[in-house]
Amino acid sequence: MTVPPALVAAVRSWREHDEPPQRASRWSRGSWLKQFPNHHSFLNSLPESVDRAEATRHAARAATAEGAEPAFLVAMIWGYGPVGYGPWRTARVLTENPHAVDRLAEAARVARDHGGPAAFRSLADDPLRYLGVAFGTKYLRFVTAALSSDTAPILDAVVRRWFATHAGLRLNIDEWRPAVYERYVALLTSWATELGLTADTVEQVIFGAAITQEGSALWGERWAGSEEPTARTAQAVLLELERLFETADPRAALEARDHLDELERIIRQGWSD
């Protein structure tokens with residue numbers, strides 16, 4: 001597949017403006033400190049805004065059990081940004097999967113020794129509950145940037161929507177599908193070669209082109225660029241429910257969480273289709 005005209009234009013604009021493809025993520029330190037009381041010192045050492053370079057720096061020891069957890073935390077902080085439920089969802093991955101940290105360290109070792117697609121396949125073979133492709137590939141991106149010579153690109157819903165719109169290619173990321181990710185990496189690598197860039201930079205340019213206004217990375221992934229009234233209404237309602245959960249009794253919030261996640265999945269699937 002040849003380089004889409006939209007990507008050529010986005011790269012040209014990026015080069016002319018000489019700007020980083022993606023800005024640093026602001027995050028709510030207090031929310032993360034509350035959710036991870038055993039990591040106060042580490043969390044307090046992080047800057048007010050976390051960029052890709054900062055997250056990559058903390059992934060340098062991800063191949064060890066001691067280093068995998070902080071590497072994962074920073075990747076999720078970067079990914080969720082100021083979204084209030086980011087800390088809760090991150091904690092859910094770590095607490096509701098037996099030996100989650102060991103699995104993350106194992107994925108980092110596979111990424112270091114065999115590359116991002118191999119690490120993706122490793123996670124697909126034994127997926128961590130509640131860790132989806134979008135945020136899982138964020139972790140793999142920083143791990144490979146720190147430990148490998150070939151950075152694995154992120155594949156989230158922002159990028160998926162761009163591919164559907166500008167390349168006529170639907171990348172299904174509702175589950176861990178190695179063949180889909182491998183095709184995606186191969187395409188980015190091919191385009192990067194033609195453009196004189198890396199696949200990772202091409203992904204960043206695509207993401208930057210797809211997001212035209214500042215806001216939640218999570219909502220941006222799911223609703224970026226939508227002009228549909230139904231999508232905007234669903235976004236507003238679900239966001240308000242999330243805000244209510246933040247102030248609810250923890251036990252009630254926990255009981256309701258799975259129902260909200262399922263509602264979100266159904267709405268997202270209907271909107272995407």
# chains A, B, ... in the order shown; residues from 1 in each chain; ligands from 1

$ residues_around --residues "range 168-181 of chain A" --least-positions-apart "2" --cutoff "10 Å" --atoms "only C-alpha atoms" --output "compact mmCIF listing (two decimals) with C-alpha atoms, in the first residue's frame"
# COMPACT_ATOMS: atom_id res chain seq x y z
CA PRO A 4 -1.76 7.79 1.89
CA GLY A 116 7.45 -5.63 19.67
CA PRO A 117 5.33 -7.98 17.52
CA ALA A 118 6.75 -11.00 19.39
CA ALA A 119 5.93 -9.35 22.73
CA PHE A 120 2.44 -8.56 21.45
CA ARG A 121 2.00 -12.23 20.56
CA SER A 122 3.25 -13.20 24.02
CA LEU A 123 0.61 -11.03 25.66
CA ALA A 124 -2.03 -12.36 23.26
CA ASP A 125 -1.20 -15.94 24.26
CA ASP A 126 -1.77 -15.15 27.93
CA PRO A 127 -3.54 -11.76 28.12
CA LEU A 131 -5.35 -4.59 29.75
CA GLY A 132 -6.50 -3.90 26.22
CA VAL A 133 -4.51 -3.47 23.04
CA ALA A 134 -4.51 0.34 23.17
CA GLY A 136 -0.90 -2.63 26.22
CA THR A 137 0.87 -1.31 23.13
CA PRO A 153 4.37 1.60 17.55
CA ILE A 154 1.23 2.17 19.57
CA LEU A 155 -2.05 0.92 18.13
CA ASP A 156 -5.03 2.63 19.75
CA ALA A 157 -8.47 3.71 18.59
CA VAL A 159 -4.82 5.40 15.00
CA ARG A 160 -7.40 2.76 14.10
CA ARG A 161 -9.92 5.44 13.09
CA TRP A 162 -7.28 7.24 11.02
CA PHE A 163 -6.46 4.03 9.16
CA ALA A 164 -10.13 3.38 8.44
CA THR A 165 -10.65 6.92 7.14
CA HIS A 166 -7.44 7.55 5.22
CA ARG A 183 0.15 -6.07 9.47
CA TYR A 184 -0.05 -2.64 11.08
CA VAL A 185 3.66 -2.63 11.96
CA ALA A 186 4.59 -3.80 8.46
CA LEU A 187 2.58 -0.98 6.87
CA ARG A 265 -18.33 -1.47 25.03
CA GLN A 269 -19.19 -1.07 19.07

$ residues_around --residues "Ala199 in chain A" --least-positions-apart "4" --cutoff "6 Å" --atoms "only C-alpha atoms" --output "ChimeraX atom specification"
/A:188-189,192

$ select_by_dssp --residues "range 59-204 of chain A" --states "alpha helix (DSSP H)" --output "PyMOL selection string"
chain A and resi 65-80+86-95+100-114+116-125+133-147+157-166+178-195+199-204

$ closest_residue --among "A:Ala91, A:Val202, A:Ala146, A:Val83" --to "Ala6 in chain A" --atoms "only C-alpha atoms"
A:Val202

$ closest_residue --among "A:Met1, A:Ala167, A:Ala62, A:Val50" --to "Leu147 in chain A" --atoms "only C-alpha atoms"
A:Ala62

$ select_by_dssp --residues "range 1-189 of chain A" --states "strand (DSSP E)" --output "PyMOL selection string"
chain A and resi 25-26+49-50

$ residues_around --residues "Arg15 in chain A" --least-positions-apart "5" --cutoff "12 Å" --atoms "only C-alpha atoms" --output "number ranges by chain"
A: 8-10, 20-21, 195-197, 201-202, 205

$ write_last_selection --atoms "C-alpha atoms" --output "CSV table (one decimal), in the first residue's frame"
chain,number,residue,atom,x,y,z
A,8,VAL,CA,2.1,12.9,3.3
A,9,ALA,CA,0.4,16.1,4.2
A,10,ALA,CA,0.6,15.5,7.9
A,20,PRO,CA,6.9,17.3,18.5
A,21,PRO,CA,4.1,15.1,17.1
A,195,LEU,CA,9.2,9.0,4.2
A,196,GLY,CA,12.7,8.7,5.7
A,197,LEU,CA,11.3,8.3,9.2
A,201,THR,CA,7.5,8.7,14.4
A,202,VAL,CA,4.9,7.9,11.7
A,205,VAL,CA,2.4,12.0,13.3
